[in-house]
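upload38.cif (mmCIF, C-alpha atoms and all ligand atoms)
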data_data
#
loop_
_atom_site.label_atom_id
_atom_site.label_comp_id
_atom_site.auth_asym_id
_atom_site.auth_seq_id
_atom_site.Cartn_x
_atom_site.Cartn_y
_atom_site.Cartn_z
CA MET A 1 0.00 0.00 0.00
CA SER A 2 1.16 3.53 -0.72
CA VAL A 3 0.55 5.85 2.22
CA PHE A 4 0.28 9.63 2.26
CA ASN A 5 -0.41 12.04 5.12
CA THR A 6 -2.14 15.35 4.52
CA THR A 7 -0.06 18.08 6.07
CA GLU A 8 0.34 21.85 5.92
CA MET A 9 3.69 23.15 4.80
CA ALA A 10 5.00 26.70 4.50
CA CYS A 11 5.81 27.75 0.93
CA PRO A 12 9.59 28.33 0.84
CA ALA A 13 9.07 31.43 -1.36
CA CYS A 14 6.19 33.34 0.26
CA GLY A 15 5.47 31.48 3.49
CA ALA A 16 1.82 30.76 2.67
CA ALA A 17 0.37 27.52 4.02
CA VAL A 18 0.24 24.82 1.34
CA THR A 19 -1.73 21.62 1.81
CA PHE A 20 0.60 18.80 0.87
CA GLN A 21 0.05 15.08 0.48
CA LEU A 22 3.28 13.99 2.09
CA VAL A 23 4.41 10.50 1.13
CA HIS A 24 5.10 7.94 3.85
CA SER A 25 5.50 4.84 1.70
CA VAL A 26 5.38 3.88 -1.97
CA ASN A 27 4.29 0.52 -3.29
CA ALA A 28 5.61 0.66 -6.84
CA VAL A 29 3.80 -2.49 -7.97
CA ARG A 30 0.35 -1.13 -7.06
CA ARG A 31 1.21 2.43 -7.99
CA PRO A 32 3.55 2.29 -11.01
CA ASP A 33 2.60 5.93 -11.68
CA LEU A 34 4.52 6.93 -8.54
CA ARG A 35 7.67 5.24 -9.84
CA VAL A 36 7.26 7.12 -13.13
CA ALA A 37 6.78 10.39 -11.24
CA ILE A 38 9.96 9.75 -9.21
CA LEU A 39 11.91 9.12 -12.42
CA ASP A 40 10.57 12.25 -14.15
CA ARG A 41 11.24 14.26 -10.98
CA SER A 42 7.67 15.46 -10.58
CA PHE A 43 6.89 13.37 -7.47
CA GLN A 44 6.23 15.43 -4.30
CA ARG A 45 6.54 18.66 -6.25
CA GLN A 46 3.66 21.08 -6.37
CA PRO A 47 3.00 24.78 -6.92
CA CYS A 48 2.10 27.14 -4.09
CA PRO A 49 -1.50 28.31 -4.63
CA SER A 50 -0.59 31.82 -3.43
CA CYS A 51 2.54 32.70 -5.38
CA GLY A 52 2.76 29.90 -7.94
CA THR A 53 6.30 28.87 -6.97
CA SER A 54 6.77 25.16 -7.52
CA PHE A 55 8.67 23.37 -4.78
CA ARG A 56 9.63 19.86 -3.83
CA VAL A 57 9.69 18.38 -0.34
CA GLU A 58 12.73 16.46 0.87
CA PRO A 59 11.99 12.74 0.74
CA GLU A 60 11.59 10.53 3.80
CA PHE A 61 9.71 7.34 2.97
CA THR A 62 9.93 3.66 2.19
CA TYR A 63 9.94 2.56 -1.44
CA LEU A 64 8.97 -1.04 -2.09
CA ASP A 65 8.85 -2.81 -5.44
CA ILE A 66 8.27 -6.53 -4.93
CA LYS A 67 8.28 -7.22 -8.67
CA ARG A 68 11.73 -5.69 -9.16
CA LYS A 69 12.86 -6.87 -5.69
CA GLN A 70 13.73 -3.42 -4.36
CA PHE A 71 13.41 -2.07 -0.84
CA LEU A 72 14.69 1.48 -0.54
CA ALA A 73 14.73 3.47 2.68
CA VAL A 74 14.70 7.04 1.38
CA TRP A 75 16.05 9.80 3.64
CA PRO A 76 16.45 13.55 3.31
CA ALA A 77 19.70 14.61 1.66
CA SER A 78 20.35 16.74 4.74
CA LYS A 79 20.86 13.57 6.82
CA LEU A 80 23.87 12.40 4.79
CA ALA A 81 26.36 13.34 7.51
CA GLN A 82 24.59 10.90 9.86
CA TRP A 83 24.66 8.07 7.34
CA GLN A 84 26.01 5.49 9.80
CA GLU A 85 23.12 5.95 12.24
CA VAL A 86 20.58 6.18 9.40
CA GLU A 87 21.94 3.03 7.80
CA ALA A 88 21.47 1.15 11.08
CA ARG A 89 17.87 2.40 11.36
CA SER A 90 17.19 1.40 7.75
CA GLN A 91 18.55 -2.08 8.40
CA ALA A 92 16.31 -2.42 11.46
CA SER A 93 13.23 -1.42 9.38
CA TYR A 94 14.14 -3.88 6.68
CA ASP A 95 14.73 -6.72 9.16
CA LYS A 96 11.39 -6.00 10.85
CA ALA A 97 9.52 -6.29 7.55
CA PHE A 98 11.53 -8.87 5.61
CA GLY A 99 13.94 -10.53 8.02
CA PRO A 100 13.82 -14.23 8.96
CA GLY A 101 10.56 -15.21 10.65
CA THR A 102 8.59 -12.21 9.38
CA ASP A 103 5.57 -12.21 7.06
CA GLY A 104 7.72 -10.56 4.42
CA ALA A 105 10.50 -13.15 4.53
CA ALA A 106 8.96 -15.17 1.69
CA LEU A 107 8.75 -12.06 -0.50
CA ALA A 108 12.42 -11.37 0.06
CA ALA A 109 13.40 -14.95 -0.68
CA GLY A 110 15.63 -15.22 -3.70
CA GLY A 111 17.20 -11.86 -2.98
CA MET A 112 15.97 -8.33 -2.40
CA LEU A 113 17.99 -5.24 -3.09
CA ALA A 114 17.83 -3.46 0.28
CA ARG A 115 19.36 0.00 0.28
CA CYS A 116 19.21 3.32 2.03
CA VAL A 117 19.53 6.44 -0.08
CA PHE A 118 19.74 10.16 0.61
CA GLY A 119 17.73 12.68 -1.37
CA TRP A 120 15.84 12.50 -4.64
CA LEU A 121 19.03 12.18 -6.68
CA GLY A 122 20.18 9.17 -4.70
CA LEU A 123 16.81 7.49 -5.15
CA ASN A 124 16.66 8.21 -8.87
CA GLU A 125 20.09 6.75 -9.42
CA LYS A 126 19.14 3.39 -7.87
CA LEU A 127 16.04 3.20 -10.08
CA ILE A 128 17.96 4.20 -13.22
CA ALA A 129 20.72 1.65 -12.53
CA ALA A 130 18.21 -1.17 -12.00
CA GLU A 131 16.32 -0.18 -15.13
CA HIS A 132 19.54 -0.60 -17.14
CA GLY A 133 20.58 -3.85 -15.45
CA ILE A 134 23.51 -2.22 -13.68
CA ASP A 135 24.73 -3.63 -10.36
CA ASP A 136 24.73 -0.66 -7.99
CA VAL A 137 27.88 -1.70 -6.09
CA GLU A 138 29.85 -2.00 -9.33
CA LEU A 139 28.36 1.30 -10.47
CA GLU A 140 29.66 3.09 -7.36
CA MET A 141 33.07 1.50 -7.88
CA ALA A 142 33.06 2.69 -11.50
CA LYS A 143 32.07 6.20 -10.40
CA LEU A 144 34.86 6.39 -7.83
CA ALA A 145 37.38 5.07 -10.36
CA THR A 146 36.13 7.68 -12.84
CA LEU A 147 36.45 10.51 -10.32
CA ARG A 148 40.01 9.49 -9.53
CA GLU A 149 40.79 9.43 -13.24
CA LEU A 150 39.23 12.86 -13.73
CA GLY A 151 40.95 14.20 -10.61
CA ASP A 152 37.68 16.00 -10.03
CA ILE A 153 36.26 15.03 -6.67
CA LYS A 154 33.96 17.83 -5.59
CA LEU A 155 33.34 17.52 -1.91
CA GLY A 156 30.43 19.19 -0.24
CA ALA A 157 26.90 18.25 0.60
CA ASP A 158 25.40 20.05 -2.42
CA ARG A 159 27.36 18.08 -5.03
CA GLU A 160 26.58 14.56 -6.13
CA PHE A 161 28.16 12.44 -8.82
CA ARG A 162 25.29 10.39 -10.23
CA LEU A 163 24.33 8.06 -13.03
CA VAL A 164 21.73 9.90 -15.10
CA GLY A 165 21.30 7.45 -17.98
CA ALA A 166 22.84 4.60 -19.93
CA THR A 167 23.03 3.04 -23.36
CA ASP A 168 24.34 -0.40 -24.35
CA ASP A 169 27.87 1.06 -24.58
CA GLU A 170 28.01 4.04 -22.30
CA LEU A 171 27.11 5.34 -18.86
CA ALA A 172 26.04 8.97 -18.58
CA VAL A 173 27.25 10.34 -15.27
CA GLY A 174 27.43 13.86 -13.98
CA TRP A 175 27.80 16.32 -11.15
CA LEU A 176 24.42 17.42 -9.89
CA ARG A 177 23.33 19.98 -7.32
CA THR A 178 21.41 18.44 -4.46
CA SER A 179 19.45 21.64 -3.81
CA THR A 180 18.23 22.34 -7.36
CA GLU A 181 18.76 18.91 -9.02
CA ASP A 182 20.54 20.78 -11.86
CA ILE A 183 23.38 19.07 -13.68
CA ASP A 184 26.66 21.00 -13.95
CA ASP A 185 29.01 18.65 -15.79
CA GLU A 186 28.17 15.48 -17.63
CA TYR A 187 30.54 12.71 -18.72
CA SER A 188 30.30 9.59 -20.83
CA VAL A 189 32.02 6.54 -19.39
CA PRO A 190 32.45 3.33 -21.42
CA ARG A 191 30.19 0.66 -20.00
CA GLN A 192 33.14 -1.69 -20.46
CA LEU A 193 34.47 -0.36 -17.15
CA LEU A 194 31.67 -2.27 -15.38
CA ASN A 195 32.69 -5.45 -17.20
CA ASP A 196 36.33 -4.91 -16.17
CA ILE A 197 35.30 -4.48 -12.54
CA HIS A 198 33.12 -7.57 -12.71
CA ALA A 199 35.85 -9.67 -14.35
CA GLU A 200 38.60 -8.95 -11.82
CA PRO A 201 37.13 -8.95 -8.31
CA GLU A 202 40.48 -9.19 -6.52
CA LYS A 203 41.93 -6.20 -8.30
CA TRP A 204 38.90 -4.11 -7.29
CA ALA A 205 38.36 -5.47 -3.78
CA SER A 206 39.50 -2.40 -1.88
CA LEU A 207 37.30 -0.10 -3.96
CA ARG A 208 34.38 -2.43 -3.33
CA ALA A 209 34.99 -2.13 0.42
CA ASP A 210 35.02 1.67 0.10
CA VAL A 211 31.52 1.91 -1.40
CA SER A 212 29.69 -0.95 0.30
CA GLY A 213 29.40 -2.85 3.57
CA GLY A 214 25.83 -2.00 4.54
CA MET A 215 22.59 -0.67 3.08
CA PHE A 216 24.20 2.64 2.10
CA VAL A 217 25.92 1.71 -1.16
CA ASP A 218 27.40 4.96 -2.38
CA TYR A 219 30.77 6.50 -3.22
CA ARG A 220 30.05 9.12 -0.56
CA ARG A 221 30.32 6.43 2.10
CA LEU A 222 34.04 6.89 1.81
CA LEU A 223 34.04 10.68 1.52
CA PHE A 224 31.77 11.28 4.48
CA ALA A 225 33.24 8.56 6.69
CA LYS A 226 33.63 9.47 10.33
CA GLU A 227 37.15 9.37 11.70
ZN ZN A 301 4.21 30.72 -2.20
#

Let's see the structure in the file written out as structure tokens.
Amino acid sequence: MSVFNTTEMACPACGAAVTFQLVHSVNAVRRPDLRVAILDRSFQRQPCPSCGTSFRVEPEFTYLDIKRKQFLAVWPASKLAQWQEVEARSQASYDKAFGPGTDGAALAAGGMLARCVFGWLGLNEKLIAAEHGIDDVELEMAKLATLRELGDIKLGADREFRLVGATDDELAVGWLRTSTEDIDDEYSVPRQLLNDIHAEPEKWASLRADVSGGMFVDYRRLLFAKE
């Protein structure tokens, strides 16, 4: 079931009260339109009835797609710095719903992609990768390898290096702004890089450890690691 709560929010432009259907959970099998709206970036975006400014609310919900075997705990981008604590909470939610001995255990049998993501851009990337048959761990490894090659690691909470599309031969990746979702720089990376990573696991083992290890599978795991 997809669940929404009706809530009043202040318009970020004029401060007027806006009635918002705030999402709590998405069931993408029953509501495929919500998945489409996430991908086209219209989900949870609406205009203020007073001033007309369109705005989008930071995500905080559970995304479940039993058909595609995806469980995504979606958190506000602003919580990235607390990713370790958020990852633990996400794991607890997943275990409660789909862990051994639960009603959901049978649904998760055969493998469920269980991830936590931060912000709309993080969520979109997981959906885009799955759509193109790309393993998200290998994708993050490829992104980190690409950034090292480019020598262009932009730190900061408002910059994200994300997959934005793919063809049979190439990955389209780019630097996006968390706040506006605008893309600043876009690069094409040969999809062969994913095959290379897949073919030589030992060579890439340390990079794999940098981007994975829990539900937060992301190159920023390394960059925002606590000392
Ligand atoms: Zn307004």

Each residue of chain A lying at most 10 Å from ligand ZN 301 (chain A) should get a row with its shortest atom-to-atom pair and the distance in Å to one decimal, counting all atoms listed in the file; could you produce that, ordered by chain and increasing number, as a Markdown table?
| residue | atom | partner | partner_atom | distance |
| --- | --- | --- | --- | --- |
| A:Ala10 | CA | A:ZN301 | ZN | 7.9 |
| A:Cys11 | CA | A:ZN301 | ZN | 4.6 |
| A:Pro12 | CA | A:ZN301 | ZN | 6.6 |
| A:Ala13 | CA | A:ZN301 | ZN | 5.0 |
| A:Cys14 | CA | A:ZN301 | ZN | 4.1 |
| A:Gly15 | CA | A:ZN301 | ZN | 5.9 |
| A:Ala16 | CA | A:ZN301 | ZN | 5.4 |
| A:Ala17 | CA | A:ZN301 | ZN | 8.0 |
| A:Val18 | CA | A:ZN301 | ZN | 7.9 |
| A:Pro47 | CA | A:ZN301 | ZN | 7.7 |
| A:Cys48 | CA | A:ZN301 | ZN | 4.6 |
| A:Pro49 | CA | A:ZN301 | ZN | 6.7 |
| A:Ser50 | CA | A:ZN301 | ZN | 5.1 |
| A:Cys51 | CA | A:ZN301 | ZN | 4.1 |
| A:Gly52 | CA | A:ZN301 | ZN | 6.0 |
| A:Thr53 | CA | A:ZN301 | ZN | 5.5 |
| A:Ser54 | CA | A:ZN301 | ZN | 8.1 |
| A:Phe55 | CA | A:ZN301 | ZN | 9.0 |

Query raised in the report: Quick one, how far is CA of Trp75 in chain A from CA of Thr102 in chain A?
Result: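 Interatomic distance here is 23.9 Å.
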
Report summary line: For Arg177 in chain A, the closest of A:Gly165, A:Gly133, A:Pro201, A:Gly119 counting only C-alpha atoms is A:Gly119

Which residues of range 27-104 of chain A have any atom within 12 Å of an atom in range 3-8 of chain A when counting only C-alpha atoms, and what is the closest pair of atoms for each, with the distance in Å to one decimal? Order the rows by chain and rising number and write it as a tab-separated table.
residue	atom	partner	partner_atom	distance
A:Asn27	CA	A:Val3	CA	8.5
A:Ala28	CA	A:Val3	CA	11.6
A:Arg30	CA	A:Val3	CA	11.6
A:Arg31	CA	A:Val3	CA	10.8
A:Leu34	CA	A:Val3	CA	11.5
A:Gln44	CA	A:Phe4	CA	10.6
A:Cys48	CA	A:Glu8	CA	11.5
A:Val57	CA	A:Thr7	CA	11.7
A:Glu60	CA	A:Phe4	CA	11.4
A:Phe61	CA	A:Val3	CA	9.3
A:Thr62	CA	A:Val3	CA	9.6
A:Tyr63	CA	A:Val3	CA	10.6
A:Leu64	CA	A:Val3	CA	11.7

Counting only C-alpha atoms, which residues in range 43-131 of chain A sit no more than 9 Å from range 153-163 of chain A? For each one, give the nearest pair of atoms and the distance in Å, sorted by chain then residue number, as JSON lines.
{"residue": "A:Ala77", "atom": "CA", "partner": "A:Ala157", "partner_atom": "CA", "distance": 8.1}
{"residue": "A:Ser78", "atom": "CA", "partner": "A:Ala157", "partner_atom": "CA", "distance": 7.9}
{"residue": "A:Leu80", "atom": "CA", "partner": "A:Ala157", "partner_atom": "CA", "distance": 7.8}
{"residue": "A:Ala81", "atom": "CA", "partner": "A:Ala157", "partner_atom": "CA", "distance": 8.5}
{"residue": "A:Leu121", "atom": "CA", "partner": "A:Arg162", "partner_atom": "CA", "distance": 7.4}
{"residue": "A:Gly122", "atom": "CA", "partner": "A:Arg162", "partner_atom": "CA", "distance": 7.6}
{"residue": "A:Asn124", "atom": "CA", "partner": "A:Leu163", "partner_atom": "CA", "distance": 8.7}
{"residue": "A:Glu125", "atom": "CA", "partner": "A:Leu163", "partner_atom": "CA", "distance": 5.7}
{"residue": "A:Lys126", "atom": "CA", "partner": "A:Leu163", "partner_atom": "CA", "distance": 8.7}
{"residue": "A:Ile128", "atom": "CA", "partner": "A:Leu163", "partner_atom": "CA", "distance": 7.5}
{"residue": "A:Ala129", "atom": "CA", "partner": "A:Leu163", "partner_atom": "CA", "distance": 7.4}

**Report entry** For CA of Lys67 in chain A and CA of Gln46 in chain A, the interatomic separation in Å (one decimal)
**Finding:**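 Taking CA of Lys67 in chain A and CA of Gln46 in chain A, their separation equals 28.8 Å.
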
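Using all atoms listed in the file, the smallest distance between any of A:Leu123, A:Leu139, A:Leu107, A:Cys116 and Glu85 in chain A comes from A:Cys116.
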
**Report entry** Top pick for closest residue to Ser90 in chain A, considering A:Leu171, A:Val164, A:Val74, A:Leu222 and counting all atoms listed in the file
**Finding:**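 Nearest candidate to Ser90 in chain A out of A:Leu171, A:Val164, A:Val74, A:Leu222: A:Val74.
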
Report task. Find the residue from A:Arg56, A:Arg115, A:Lys96, A:Lys143 that sits nearest to Gln70 in chain A; use only C-alpha atoms when measuring. Result ->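 Result for the nearest residue to Gln70 in chain A: A:Arg115.
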
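Minimum distance to Ala92 in chain A across A:Leu39, A:Ala73, A:Ala109, A:Ala166 (counting only C-alpha atoms) occurs at A:Ala73.
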
**Report entry** Atomic separation - CA of Ser179 in chain A relative to CA of Asp218 in chain A, Å
**Finding:**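 Atom-to-atom, CA of Asp218 in chain A and CA of Ser179 in chain A are spaced 18.5 Å apart.
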
Query - Using only C-alpha atoms: which of A:Ile197, A:Glu202, A:Thr146, A:Gln91 has the shortest distance to Gly214 in chain A - result: A:Gln91

I'd like the neighbourhood of Pro76 in chain A as a PDB file with C-alpha atoms, in the frame of the given file, where a residue qualifies if any of its atoms comes within 9 Å (using all atoms listed in the file), though same-chain residues fewer than 5 positions away should be ignored.
ATOM      1  CA  GLU A  58      12.730  16.460   0.870  1.00  0.00           C
ATOM      2  CA  PRO A  59      11.990  12.740   0.740  1.00  0.00           C
ATOM      3  CA  GLU A  60      11.590  10.530   3.800  1.00  0.00           C
ATOM      4  CA  VAL A 117      19.530   6.440  -0.080  1.00  0.00           C
ATOM      5  CA  PHE A 118      19.740  10.160   0.610  1.00  0.00           C
ATOM      6  CA  GLY A 119      17.730  12.680  -1.370  1.00  0.00           C
ATOM      7  CA  TRP A 120      15.840  12.500  -4.640  1.00  0.00           C
TER       8      TRP A 120
END

Query - Protein, DNA and RNA residues within 12 Å of (34.8, 1.9, -18.6), all atoms listed in the file, as a list in words - result: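 Here is the list of nearby residues: Glu138, Leu139, Met141, Ala142, Lys143, Leu144, Ala145, Thr146, Glu149, Asp169, Glu170, Leu171, Ala172, Val173, Tyr187, Ser188, Val189, Pro190, Arg191, Gln192, Leu193, Leu194, Asn195, Asp196, Ile197 and His198 of chain A.
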